[in-house]
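Asks: Starting off with a structure, shown below.
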Number of protein chains: 2
Amino acid sequence: MGLDDRKLAVLRAIVEDYVATQEPVGSRALVERHQLGVSPATVRNDMAVLEEEGYIRQPHTSAGRVPTDRGYRLFVDRLSRVKPLSPAERRAIERFLVGAVDLDDVVHRTVRLLAQLTRQVAVVQYPSLARSKVRHLELVPISTTRLMVVMIADTGRVEQRLVELPAPIPADDVTDLRRLVNEKLVGTQLAETPPLVQALVEESVPHLRPAMTTLSTVLLETLVERHEERLALAGQANLTRGGLLDFQGSLRPILEALEEEVVLLKLIGEAEPSTTRVLIGDENEVDNLRAASVVSTGYGPGSTIVGGLGVLGPTRMDYPGNIATVRAVARYVGELLAQN
Amino acid sequence: MGLDDRKLAVLRAIVEDYVATQEPVGSRALVERHQLGVSPATVRNDMAVLEEEGYIRQPHTSAGRVPTDRGYRLFVDRLSRVKPLSPAERRAIERFLVGAVDLDDVVHRTVRLLAQLTRQVAVVQYPSLARSKVRHLELVPISTTRLMVVMIADTGRVEQRLVELPAPIPADDVTDLRRLVNEKLVGTQLAETPPLVQALVEESVPHLRPAMTTLSTVLLETLVERHEERLALAGQANLTRGGLLDFQGSLRPILEALEEEVVLLKLIGEAEPSTTRVLIGDENEVDNLRAASVVSTGYGPGSTIVGGLGVLGPTRMDYPGNIATVRAVARYVGELLAQN
DNA sequence: ACTGGCACTCGCTACAGTCGAGTGCCAGCC
DNA sequence: GGCTGGCACTCGACTGTAGCGAGTGCCAGT
């Protein structure tokens, strides 16, 4: 177990070199490129220990060493400092995000930006409805039996849904309905809406009852239960860098996983406040992503978290750099949202 | 130039076998698997002619023949009949699309369905705003200086955008604005809105003028000019079938092209009424897609076209099958929209 | 106009041999 | 005890050669 400082330095050097060159790294190359102050033979002994402990492995005899998932984990936890962003990167972030007119716009720009800066696949979750408050509910009559419900959340998110009413409804009643739902629901957290919606039905005057019932069903269905969470994706072409050496030769499982919104949400959605989460290879619960790593964090105005964002790439990725970028982007997005 | 019936039959056989097996097809295999009624030697002579004319080629001297883009073109134009869908497929389509509650829902289900049936990458364009009419414009006051503009199109599409007003505006004025824009714009084709919006500003009473000006800018910007067109994508994992033999070994360019919305819109958006368009390899103007084929068509309620949909895959694809599927799906979606 | 036969091409596979990067181990040194 | 230089060993990558077989092009014959 005893990993002295030099062994750790060796591991760090291996990870850095391997990430940079994509090739197994040998003892000679190591001492040449890093100031370890010892000979290759010594490094070999250290490597033997590191291998025994499961931090590195040899793809085959007579090859250099490659970090294992466990090795990356140790590297991330104890051996790397978050790389400060270059001024160029900071500028890129600002330039990219300034001028966004819309939540949609913000999300799209963000995901593209992340993909571009990290050269990985980027994922951005829209502000979670569950964590949003209702700012306004608008009912727009489309015909006498059809209503468009538009919900505007305080995060800027807008959801709409068509409602088919059981019977024609006069304009005045629509006004009443609008007033009622707004009185009750504006300002409430969406996660706690269900009982309130229920109450709305029960308290409503008889002639509004049928319409309100339908309306409440739709509200519950669409806004709370169903495709509640959305996300944006970019940079899938980045998966092909590294010439199929990453991902053990097949992009298939990765691409499949990326099409499953549920999977992605799990990956980046479970953000604890102000932590950056790093999932390395096997730590990932999704089988298809066993060859991939994910760096994610939460974002939101101020210190609250309304959604997650992150990047996905090969386990052989630049963790310090990506962590820094993900954090920085999340912070900027948060500021942007706060201005609203 | 003279391609007699048998030569055409040989070409058809080559295309069919190659699509099925993914391997260059030789003269012996051909006569064994098809009732051509002649010997391999004769087929060879025919092949020589077909090669000279540029319909097939040999990957290398002692290999079988493979269709060229030109060969596929001839096959699609003259040698194949559209395959009728199997009852199972029809049922799949119906089952998949029934129960869609929303335009978003319809589009998402459609794109997944297409990807699943054809086992290719599927693209569905949202009903084009340019081809939609305004059904309703809603202005929702968010604060005294902020307005949410919601536009509902007759195709079911809903777009919204936040407007920052130059000065606070009283609730009554919002009502006036709402009335004005609706009076002028409801029922008009979006493509022809700009002059009308212009007129709105000029005709409006002085105290509404500033607000109306800002509003009109946003209307023009967002609803007409900018990200006007949206689309949905699915089935990218299907690109990895055929083990990298298709696409000459690199998915890179394809994935890149798929991230460019503009490119995709060009591909599937330029739909002429009721035609199914097939673009084969080189015919494609996008360099990145020189190794791919696209089958696309327009869809819409009744005989009008409001958007395009299609699939993208290797030139070596099942054209008759995919054409049939794309058409069928487009027809079903059209019917679905017509019910609105 | 079609066919059978035949020589030829050339990619694929297997096999052997060489090279070299990299290791593990050991004896010696500080 | 920890570090080092030296050395034998392993094994993948690469090269060259040879045999095979699928497939072709051509030609003479029907």
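Naming works like this for the structure tokens: A, B, ... for the chains as they're shown, residue 1 at the start of each chain, ligands 1 onward in shown order.
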If we count only C-alpha atoms (C1' of nucleotides), what is near Arg28 of chain B at a cut-off of 10 Å, once residues fewer than 2 positions away on the same chain are taken out, given as a list of chain:residue names?
Replies: B:Val25, B:Gly26, B:Leu30, B:Val31, B:Glu32, B:Arg33, B:Ser39, B:Pro40, B:Ala41, B:Val43, B:Arg44, B:Gly64, D:DA22, D:DG23
Asks: Residues of chain A were defined as contacting chain D if any atom lay at most 7 Å from it, counting only C-alpha atoms (C1' of nucleotides); please report them as a PDB file with C-alpha atoms, in the first residue's frame.
Replies:
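Heads up, here's the output in iface_37.pdb:
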```pdb
ATOM      1  CA  SER A  39      17.300   6.001 -13.250  1.00  0.00           C
ATOM      2  CA  THR A  42      14.345   2.548 -10.279  1.00  0.00           C
ATOM      3  CA  THR A  61       4.691  -7.914 -22.153  1.00  0.00           C
ATOM      4  CA  SER A  62       7.404  -5.709 -23.537  1.00  0.00           C
TER       5      SER A  62
END
```
Asks: Identify, on the basis of only C-alpha atoms (C1' of nucleotides), every residue whose closest approach to Asp282 of chain A does not exceed 9 Å; exclude the query and any residue fewer than 3 positions from it along the same chain; express the result as a list in words.
Replies: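 Returned residues: Asp69, Arg70, Leu279, Glu285, Val286, Asp287, Leu289, Arg290, Ala291, Ala292 and Ser293 of chain A.
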Asks: Deliver the residues from the most recent selection as a file, using C-alpha atoms, as a PDB file, in the first residue's frame.
Replies:
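Dumped everything to out_20.pdb:
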```
ATOM      1  CA  ASP A  69      -9.297   3.361 -14.301  1.00  0.00           C
ATOM      2  CA  ARG A  70      -8.084   3.124 -10.765  1.00  0.00           C
ATOM      3  CA  LEU A 279     -16.786   9.318 -13.403  1.00  0.00           C
ATOM      4  CA  GLU A 285     -23.027   2.339 -14.158  1.00  0.00           C
ATOM      5  CA  VAL A 286     -24.052   2.281 -17.773  1.00  0.00           C
ATOM      6  CA  ASP A 287     -22.487  -0.706 -19.461  1.00  0.00           C
ATOM      7  CA  LEU A 289     -20.026   3.691 -21.234  1.00  0.00           C
ATOM      8  CA  ARG A 290     -17.505   1.476 -19.515  1.00  0.00           C
ATOM      9  CA  ALA A 291     -14.806   2.813 -21.802  1.00  0.00           C
ATOM     10  CA  ALA A 292     -15.711   6.436 -21.249  1.00  0.00           C
ATOM     11  CA  SER A 293     -15.289   9.095 -18.608  1.00  0.00           C
TER      12      SER A 293
END
```
Asks: Could you give me the residues within segment 178-321 of chain B that DSSP places in strand (DSSP E), as a PyMOL selection string?
Replies: chain B and resi 231-234+276-280+292-299+307-314
Asks: Using only C-alpha atoms (C1' of nucleotides), find the residues of chain C whose closest atom to chain A is at most 7 Å away, then write them as a count of residues only.
Replies: 3
Asks: Give me, as a list in words, the residues of chain A touching chain B, with the criterion being at most 6 Å (counting only C-alpha atoms).
Replies: Ala237, Thr240, Arg252, Leu255 and Glu256 of chain A
Asks: In Å, rounded to a single decimal, give me how far atom CA of Glu23 of chain A is from atom CA of Gln58 of chain A.
Replies: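 Distance reported for this atom pair: 11.3 Å.
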Asks: Mind pulling up the distance from atom CA of Ile323 of chain A to atom CA of Thr276 of chain A?
Replies: 7.2 Å
Asks: Quick one: residues within 12 Å of Arg327 of chain B, only C-alpha atoms (C1' of nucleotides) counted, chain neighbours fewer than 6 positions away excluded, as a ChimeraX atom specification?
Replies: /B:82-85,90,93,114,118,274-278,295-300,308-311,319-321,333-334
Asks: Go ahead and save the residues from that selection, with N, CA and C atoms, as a compact mmCIF listing (two decimals), in the first residue's frame.
Replies:
```
# COMPACT_ATOMS: atom_id res chain seq x y z
N VAL B 82 -40.50 0.20 -55.98
CA VAL B 82 -40.64 0.48 -54.55
C VAL B 82 -41.24 -0.75 -53.87
N LYS B 83 -40.54 -1.19 -52.86
CA LYS B 83 -40.97 -2.37 -52.11
C LYS B 83 -42.20 -2.03 -51.28
N PRO B 84 -43.27 -2.78 -51.41
CA PRO B 84 -44.38 -2.48 -50.51
C PRO B 84 -43.98 -2.82 -49.07
N LEU B 85 -44.50 -2.04 -48.13
CA LEU B 85 -44.15 -2.30 -46.73
C LEU B 85 -44.80 -3.58 -46.25
N ARG B 90 -46.23 -1.59 -41.35
CA ARG B 90 -47.38 -0.67 -41.27
C ARG B 90 -47.88 -0.56 -39.85
N ILE B 93 -45.64 1.54 -37.70
CA ILE B 93 -45.82 2.97 -37.93
C ILE B 93 -47.02 3.49 -37.17
N LEU B 114 -38.41 6.29 -37.89
CA LEU B 114 -37.68 6.21 -39.15
C LEU B 114 -36.32 5.54 -38.95
N THR B 118 -35.59 1.93 -40.84
CA THR B 118 -34.62 1.88 -41.93
C THR B 118 -33.24 1.46 -41.45
N SER B 274 -44.55 15.96 -53.26
CA SER B 274 -44.84 14.55 -53.51
C SER B 274 -43.76 13.80 -54.29
N THR B 275 -42.56 14.30 -54.27
CA THR B 275 -41.49 13.53 -54.88
C THR B 275 -40.63 12.96 -53.76
N THR B 276 -40.09 11.82 -53.98
CA THR B 276 -39.08 11.33 -53.07
C THR B 276 -37.75 11.57 -53.73
N ARG B 277 -36.89 12.24 -53.03
CA ARG B 277 -35.61 12.58 -53.63
C ARG B 277 -34.54 11.61 -53.13
N VAL B 278 -33.72 11.16 -54.04
CA VAL B 278 -32.62 10.29 -53.66
C VAL B 278 -31.31 10.91 -54.12
N VAL B 295 -32.15 9.71 -48.65
CA VAL B 295 -33.49 9.55 -49.21
C VAL B 295 -34.41 10.48 -48.45
N SER B 296 -35.05 11.39 -49.14
CA SER B 296 -35.88 12.34 -48.41
C SER B 296 -37.14 12.68 -49.18
N THR B 297 -38.08 13.20 -48.44
CA THR B 297 -39.33 13.62 -49.06
C THR B 297 -39.99 14.69 -48.21
N GLY B 298 -40.99 15.34 -48.76
CA GLY B 298 -41.71 16.34 -48.00
C GLY B 298 -42.90 15.71 -47.31
N TYR B 299 -43.39 16.39 -46.29
CA TYR B 299 -44.61 15.91 -45.66
C TYR B 299 -45.47 17.11 -45.30
N GLY B 300 -46.70 16.86 -45.05
CA GLY B 300 -47.58 17.94 -44.66
C GLY B 300 -49.01 17.45 -44.71
N GLY B 308 -39.62 18.61 -44.36
CA GLY B 308 -39.03 17.44 -44.99
C GLY B 308 -38.61 16.42 -43.97
N LEU B 309 -38.48 15.20 -44.41
CA LEU B 309 -37.91 14.18 -43.55
C LEU B 309 -37.17 13.19 -44.42
N GLY B 310 -36.27 12.45 -43.83
CA GLY B 310 -35.52 11.50 -44.63
C GLY B 310 -34.52 10.71 -43.82
N VAL B 311 -33.78 9.88 -44.53
CA VAL B 311 -32.75 9.10 -43.87
C VAL B 311 -31.43 9.24 -44.61
N TYR B 319 -32.14 0.85 -51.18
CA TYR B 319 -32.92 1.98 -51.70
C TYR B 319 -34.42 1.70 -51.78
N PRO B 320 -34.83 0.61 -52.43
CA PRO B 320 -36.28 0.40 -52.53
C PRO B 320 -36.95 0.38 -51.18
N GLY B 321 -36.33 -0.31 -50.24
CA GLY B 321 -36.92 -0.39 -48.91
C GLY B 321 -36.99 0.96 -48.23
N VAL B 333 -47.47 10.83 -41.16
CA VAL B 333 -47.28 12.08 -40.42
C VAL B 333 -48.20 13.16 -41.00
N GLY B 334 -48.28 13.20 -42.31
CA GLY B 334 -49.18 14.16 -42.95
C GLY B 334 -50.61 13.99 -42.46
```
Asks: Residues of segment 210-320 of chain A in helix (DSSP H, G or I) according to DSSP, as JSON, numbers by chain?
Replies: {"A": [210, 211, 212, 213, 214, 215, 216, 217, 218, 219, 220, 221, 222, 223, 224, 225, 236, 237, 238, 239, 240, 246, 247, 248, 249, 252, 253, 254, 255, 256, 257, 258, 259, 261, 262, 263, 264, 265, 266, 267, 268, 269, 281, 282, 283, 287, 288, 289, 319, 320]}
Asks: Only C-alpha atoms, please: the residues just picked out, written as a PDB file, in the first residue's frame.
Replies:
```pdb
ATOM      1  CA  PRO A 210     -64.763  19.760 -16.198  1.00  0.00           C
ATOM      2  CA  ALA A 211     -62.350  22.114 -17.929  1.00  0.00           C
ATOM      3  CA  MET A 212     -60.242  22.413 -14.823  1.00  0.00           C
ATOM      4  CA  THR A 213     -60.065  18.670 -14.467  1.00  0.00           C
ATOM      5  CA  THR A 214     -58.721  18.225 -17.983  1.00  0.00           C
ATOM      6  CA  LEU A 215     -56.374  21.098 -17.531  1.00  0.00           C
ATOM      7  CA  SER A 216     -55.007  19.728 -14.313  1.00  0.00           C
ATOM      8  CA  THR A 217     -54.399  16.339 -15.851  1.00  0.00           C
ATOM      9  CA  VAL A 218     -52.370  17.913 -18.605  1.00  0.00           C
ATOM     10  CA  LEU A 219     -50.481  20.087 -16.183  1.00  0.00           C
ATOM     11  CA  LEU A 220     -49.508  17.136 -14.090  1.00  0.00           C
ATOM     12  CA  GLU A 221     -48.706  14.946 -17.032  1.00  0.00           C
ATOM     13  CA  THR A 222     -46.648  17.289 -19.086  1.00  0.00           C
ATOM     14  CA  LEU A 223     -45.113  19.656 -16.693  1.00  0.00           C
ATOM     15  CA  VAL A 224     -44.332  17.399 -13.845  1.00  0.00           C
ATOM     16  CA  GLU A 225     -44.149  13.793 -14.879  1.00  0.00           C
ATOM     17  CA  GLN A 236     -20.122  13.867 -31.288  1.00  0.00           C
ATOM     18  CA  ALA A 237     -17.601  14.136 -34.078  1.00  0.00           C
ATOM     19  CA  ASN A 238     -14.969  14.491 -31.381  1.00  0.00           C
ATOM     20  CA  LEU A 239     -15.470  10.847 -30.550  1.00  0.00           C
ATOM     21  CA  THR A 240     -13.556   9.972 -33.668  1.00  0.00           C
ATOM     22  CA  ASP A 246     -10.099   4.890 -27.530  1.00  0.00           C
ATOM     23  CA  PHE A 247     -13.321   3.075 -26.886  1.00  0.00           C
ATOM     24  CA  GLN A 248     -11.671  -0.195 -27.802  1.00  0.00           C
ATOM     25  CA  GLY A 249     -12.443   0.159 -31.445  1.00  0.00           C
ATOM     26  CA  ARG A 252     -21.329   1.828 -31.298  1.00  0.00           C
ATOM     27  CA  PRO A 253     -22.105   1.548 -27.606  1.00  0.00           C
ATOM     28  CA  ILE A 254     -21.186   5.158 -26.996  1.00  0.00           C
ATOM     29  CA  LEU A 255     -23.402   6.474 -29.751  1.00  0.00           C
ATOM     30  CA  GLU A 256     -26.194   4.285 -28.498  1.00  0.00           C
ATOM     31  CA  ALA A 257     -25.873   5.586 -24.993  1.00  0.00           C
ATOM     32  CA  LEU A 258     -25.877   9.143 -26.242  1.00  0.00           C
ATOM     33  CA  GLU A 259     -29.259   8.581 -27.817  1.00  0.00           C
ATOM     34  CA  GLU A 261     -31.783  10.815 -22.836  1.00  0.00           C
ATOM     35  CA  VAL A 262     -32.488   9.026 -19.611  1.00  0.00           C
ATOM     36  CA  VAL A 263     -28.969   7.721 -19.449  1.00  0.00           C
ATOM     37  CA  LEU A 264     -27.455  11.101 -20.088  1.00  0.00           C
ATOM     38  CA  LEU A 265     -29.629  12.761 -17.511  1.00  0.00           C
ATOM     39  CA  LYS A 266     -28.482  10.283 -14.959  1.00  0.00           C
ATOM     40  CA  LEU A 267     -24.916  11.056 -15.858  1.00  0.00           C
ATOM     41  CA  ILE A 268     -24.997  14.778 -15.581  1.00  0.00           C
ATOM     42  CA  GLY A 269     -28.255  15.447 -13.798  1.00  0.00           C
ATOM     43  CA  GLY A 281     -14.578   4.202 -17.006  1.00  0.00           C
ATOM     44  CA  ASP A 282     -15.833   1.357 -14.905  1.00  0.00           C
ATOM     45  CA  GLU A 283     -17.216   3.593 -12.233  1.00  0.00           C
ATOM     46  CA  ASP A 287     -22.487  -0.706 -19.461  1.00  0.00           C
ATOM     47  CA  ASN A 288     -22.181   1.054 -22.783  1.00  0.00           C
ATOM     48  CA  LEU A 289     -20.026   3.691 -21.234  1.00  0.00           C
ATOM     49  CA  TYR A 319      -8.935  15.608 -16.659  1.00  0.00           C
ATOM     50  CA  PRO A 320      -7.462  18.761 -15.134  1.00  0.00           C
TER      51      PRO A 320
END
```
Asks: Do a neighbour search on Val10 of chain A at 10 Å with only C-alpha atoms (C1' of nucleotides), toss out local chain neighbours closer than 2 positions, and write the hits as a PyMOL selection string.
Replies: chain A and resi 5-8+12-16+27+30-31+34+36+43-44+46-47+50
